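A.B. asks: The structure that follows is given in the form of structure tokens.
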Amino acid sequence: MMNKLYFSIGDSVMSRWGEAKIVRMDITSFGEPKYGDSVSNVPIDYNGPWIADLDNGHWAYGSQISLIQGHNEYA
């Protein structure tokens, strides 16, 4: 099984609120870390700030989530 290189919309992730799927992602800036430009994927090793809206009604910074291997379309 190949390691996934990107977080993508629809991926299953683990966050502080439990398991969820990503429904939206925004690349943000250090000056405004909560709002940014909508994207469809973010590299796993991306060091800049980004946020993910989750299907459980919560959102999380990219640094607060991790992929759940085996539950993702291209995992």
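Chain labels A, B, ... are given in the sequence in which chains occur in the structure tokens; within each chain residues are numbered consecutively from 1, and ligands are likewise numbered from 1 in the order shown.
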Please return as a PyMOL selection string: the residues of chain A that backbone DSSP assigns to strand (DSSP E or B).

C.D. replies: chain A and resi 6-8+12-15+18-27+37-39+41-43+50-54+59-61+66-67

A.B. asks: For segment 28-39 of chain A, list every protein, DNA or RNA residue within 9 Å, evaluated using only C-alpha atoms, and leave out those in the same chain fewer than 5 positions away; present the list as a PyMOL selection string.

C.D. replies: chain A and resi 8-9+48-51+61

A.B. asks: Give me a file of those residues, with C-alpha atoms, as a PDB file, in the first residue's frame.

C.D. replies:
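Result written to selection.pdb:
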ATOM      1  CA  SER A   8      -7.911  15.731   0.290  1.00  0.00           C
ATOM      2  CA  ILE A   9     -11.592  16.542   0.550  1.00  0.00           C
ATOM      3  CA  GLY A  48       2.064  26.608   6.510  1.00  0.00           C
ATOM      4  CA  PRO A  49      -1.248  27.134   8.275  1.00  0.00           C
ATOM      5  CA  TRP A  50      -4.424  25.584   6.888  1.00  0.00           C
ATOM      6  CA  ILE A  51      -7.829  24.581   8.209  1.00  0.00           C
ATOM      7  CA  TYR A  61      -6.132  23.397  12.011  1.00  0.00           C
TER       8      TYR A  61
END

A.B. asks: With a distance cut-off of 7 Å and only C-alpha atoms, select the neighbouring residues of Leu54 of chain A, excluding the residue or stretch itself and same-chain residues fewer than 4 positions from it, and output the selection as a list in words.

C.D. replies: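 Everything that qualifies: Ala20, Lys21, Ile22, Val23, His58 and Trp59 of chain A.
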
A.B. asks: Excluding Leu5 of chain A and residues on its chain fewer than 3 positions from it, collect all residues at most 8 Å away from it, counting only C-alpha atoms, and give them as a PyMOL selection string.

C.D. replies: chain A and resi 43-45

A.B. asks: Which residues are near Met14 of chain A? Cut-off 10 Å, only C-alpha atoms, ignore same chain within fewer than 5 positions. Put them as a count of residues only.

C.D. replies: 8

A.B. asks: Here is a test: counting only C-alpha atoms, which residue of A:Val13, A:Tyr6, A:Ser63, A:Gly70 is nearest to Asn41 of chain A?

C.D. replies: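 Nearest to Asn41 of chain A: A:Tyr6.
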